[in-house]
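Everything on this sheet refers to the single structure shown next.
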Amino acid sequence: MSSAGVGPLCFLRSKVNAAVYQEVLEHFMLPAADQLYGDADFIFQQDLAPAHSAKPTSTWFKDHGI
């Protein structure tokens, strides 16, 4: 959810590790951010959950310019 609206709801059937989190980002967050914000800047917030702070997730964000 954001100040610009809400994106799709994503149901997960497994525990969230870095790989699962990156799939959610790729298939839900990126399309929702594009739909809600287009080319405008936005702030993406997350906590320090292990999947959020994992090195592969950090690399994913860098690779996607986030």
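Each chain in the structure tokens gets a letter, A, B, ..., in the order shown, and its residues are numbered from 1; ligands are numbered from 1 in order too.
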Return as a ChimeraX atom specification the full set of residues in chain A whose backbone-based DSSP assignment is helix (DSSP H, G or I). /A:18-37,50-53,55-63
Calculate how many Å separate CA of Gly5 in chain A from CA of Lys55 in chain A, rounding to one decimal. 29.7 Å
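Nearest-residue note for Ile43 in chain A: choosing from A:Thr57, A:His27, A:Ala4, A:Arg13, the minimum distance belongs to A:Ala4, counting only C-alpha atoms.
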Applying 12 Å and only C-alpha atoms, which residues near Trp60 in chain A remain after dropping the ones on its own chain fewer than 3 positions away? List them as a ChimeraX atom specification. /A:18-19,21-26,30,51-57,63-66
Written selection (C-alpha atoms) as an mmCIF file, in the first residue's frame:
```
data_model
loop_
_atom_site.group_PDB
_atom_site.id
_atom_site.type_symbol
_atom_site.label_atom_id
_atom_site.label_comp_id
_atom_site.auth_asym_id
_atom_site.auth_seq_id
_atom_site.Cartn_x
_atom_site.Cartn_y
_atom_site.Cartn_z
ATOM 1 C CA ALA A 18 15.692 -13.904 0.001
ATOM 2 C CA ALA A 19 14.757 -15.778 -3.194
ATOM 3 C CA TYR A 21 11.208 -12.031 -1.449
ATOM 4 C CA GLN A 22 12.933 -11.148 -4.708
ATOM 5 C CA GLU A 23 10.186 -12.970 -6.653
ATOM 6 C CA VAL A 24 7.578 -10.904 -4.809
ATOM 7 C CA LEU A 25 9.490 -7.727 -5.591
ATOM 8 C CA GLU A 26 9.849 -8.676 -9.262
ATOM 9 C CA LEU A 30 7.779 -3.443 -9.506
ATOM 10 C CA ALA A 51 15.099 -11.706 3.545
ATOM 11 C CA HIS A 52 15.130 -7.894 3.260
ATOM 12 C CA SER A 53 18.717 -7.457 4.414
ATOM 13 C CA ALA A 54 20.267 -10.461 2.651
ATOM 14 C CA LYS A 55 23.174 -9.737 0.347
ATOM 15 C CA PRO A 56 21.387 -11.223 -2.725
ATOM 16 C CA THR A 57 18.421 -8.917 -2.055
ATOM 17 C CA ASP A 63 20.544 -4.414 -10.376
ATOM 18 C CA HIS A 64 17.080 -2.853 -10.651
ATOM 19 C CA GLY A 65 18.243 0.697 -9.892
ATOM 20 C CA ILE A 66 16.403 0.886 -6.576
#
```
Between CA of Thr59 in chain A and CA of Ser3 in chain A, distance in Å (one decimal): 26.7 Å
Would you pick out the contacts of Val6 in chain A at 12 Å or less, using only C-alpha atoms, so that residues sharing its chain but fewer than 4 positions from it are not included, and give the list as a PDB file with N, CA, C and O atoms, in the first residue's frame?
```pdb
ATOM      1  N   MET A   1       0.836  -1.166   0.000  1.00  0.00           N
ATOM      2  CA  MET A   1       0.000   0.000   0.000  1.00  0.00           C
ATOM      3  C   MET A   1       0.886   1.236   0.000  1.00  0.00           C
ATOM      4  O   MET A   1       2.039   1.174   0.432  1.00  0.00           O
ATOM      5  N   SER A   2       0.344   2.293  -0.501  1.00  0.00           N
ATOM      6  CA  SER A   2       1.125   3.524  -0.593  1.00  0.00           C
ATOM      7  C   SER A   2       0.194   4.727  -0.570  1.00  0.00           C
ATOM      8  O   SER A   2      -1.026   4.583  -0.611  1.00  0.00           O
ATOM      9  N   CYS A  10      -0.649 -10.371  -2.494  1.00  0.00           N
ATOM     10  CA  CYS A  10       0.196 -11.515  -2.840  1.00  0.00           C
ATOM     11  C   CYS A  10       0.128 -12.538  -1.716  1.00  0.00           C
ATOM     12  O   CYS A  10       0.525 -12.252  -0.589  1.00  0.00           O
ATOM     13  N   PHE A  28       5.354  -8.368  -8.127  1.00  0.00           N
ATOM     14  CA  PHE A  28       4.285  -7.595  -7.496  1.00  0.00           C
ATOM     15  C   PHE A  28       4.681  -6.147  -7.238  1.00  0.00           C
ATOM     16  O   PHE A  28       3.949  -5.236  -7.602  1.00  0.00           O
ATOM     17  N   MET A  29       5.817  -5.942  -6.577  1.00  0.00           N
ATOM     18  CA  MET A  29       6.191  -4.569  -6.226  1.00  0.00           C
ATOM     19  C   MET A  29       6.533  -3.735  -7.459  1.00  0.00           C
ATOM     20  O   MET A  29       6.025  -2.618  -7.603  1.00  0.00           O
ATOM     21  N   PRO A  31       5.716  -4.033 -10.761  1.00  0.00           N
ATOM     22  CA  PRO A  31       4.554  -3.634 -11.569  1.00  0.00           C
ATOM     23  C   PRO A  31       3.623  -2.656 -10.844  1.00  0.00           C
ATOM     24  O   PRO A  31       3.109  -1.729 -11.470  1.00  0.00           O
ATOM     25  N   ALA A  32       3.424  -2.865  -9.534  1.00  0.00           N
ATOM     26  CA  ALA A  32       2.551  -1.962  -8.785  1.00  0.00           C
ATOM     27  C   ALA A  32       3.159  -0.567  -8.716  1.00  0.00           C
ATOM     28  O   ALA A  32       2.455   0.436  -8.883  1.00  0.00           O
ATOM     29  N   ALA A  33       4.451  -0.476  -8.467  1.00  0.00           N
ATOM     30  CA  ALA A  33       5.118   0.822  -8.408  1.00  0.00           C
ATOM     31  C   ALA A  33       5.031   1.527  -9.757  1.00  0.00           C
ATOM     32  O   ALA A  33       4.796   2.737  -9.822  1.00  0.00           O
ATOM     33  N   ASP A  34       5.195   0.782 -10.823  1.00  0.00           N
ATOM     34  CA  ASP A  34       5.099   1.371 -12.166  1.00  0.00           C
ATOM     35  C   ASP A  34       3.685   1.883 -12.416  1.00  0.00           C
ATOM     36  O   ASP A  34       3.497   2.980 -12.947  1.00  0.00           O
ATOM     37  N   GLN A  35       2.693   1.105 -12.019  1.00  0.00           N
ATOM     38  CA  GLN A  35       1.300   1.501 -12.220  1.00  0.00           C
ATOM     39  C   GLN A  35       0.936   2.712 -11.359  1.00  0.00           C
ATOM     40  O   GLN A  35       0.256   3.626 -11.823  1.00  0.00           O
ATOM     41  N   LEU A  36       1.387   2.710 -10.119  1.00  0.00           N
ATOM     42  CA  LEU A  36       1.009   3.775  -9.192  1.00  0.00           C
ATOM     43  C   LEU A  36       1.817   5.052  -9.372  1.00  0.00           C
ATOM     44  O   LEU A  36       1.298   6.153  -9.170  1.00  0.00           O
ATOM     45  N   TYR A  37       3.088   4.925  -9.732  1.00  0.00           N
ATOM     46  CA  TYR A  37       3.974   6.092  -9.766  1.00  0.00           C
ATOM     47  C   TYR A  37       4.525   6.425 -11.146  1.00  0.00           C
ATOM     48  O   TYR A  37       5.049   7.511 -11.342  1.00  0.00           O
TER      49      TYR A  37
END
```
Could you work out how far CA of Lys62 in chain A lies from CA of Val20 in chain A, giving the answer in Å with one decimal? 17.4 Å
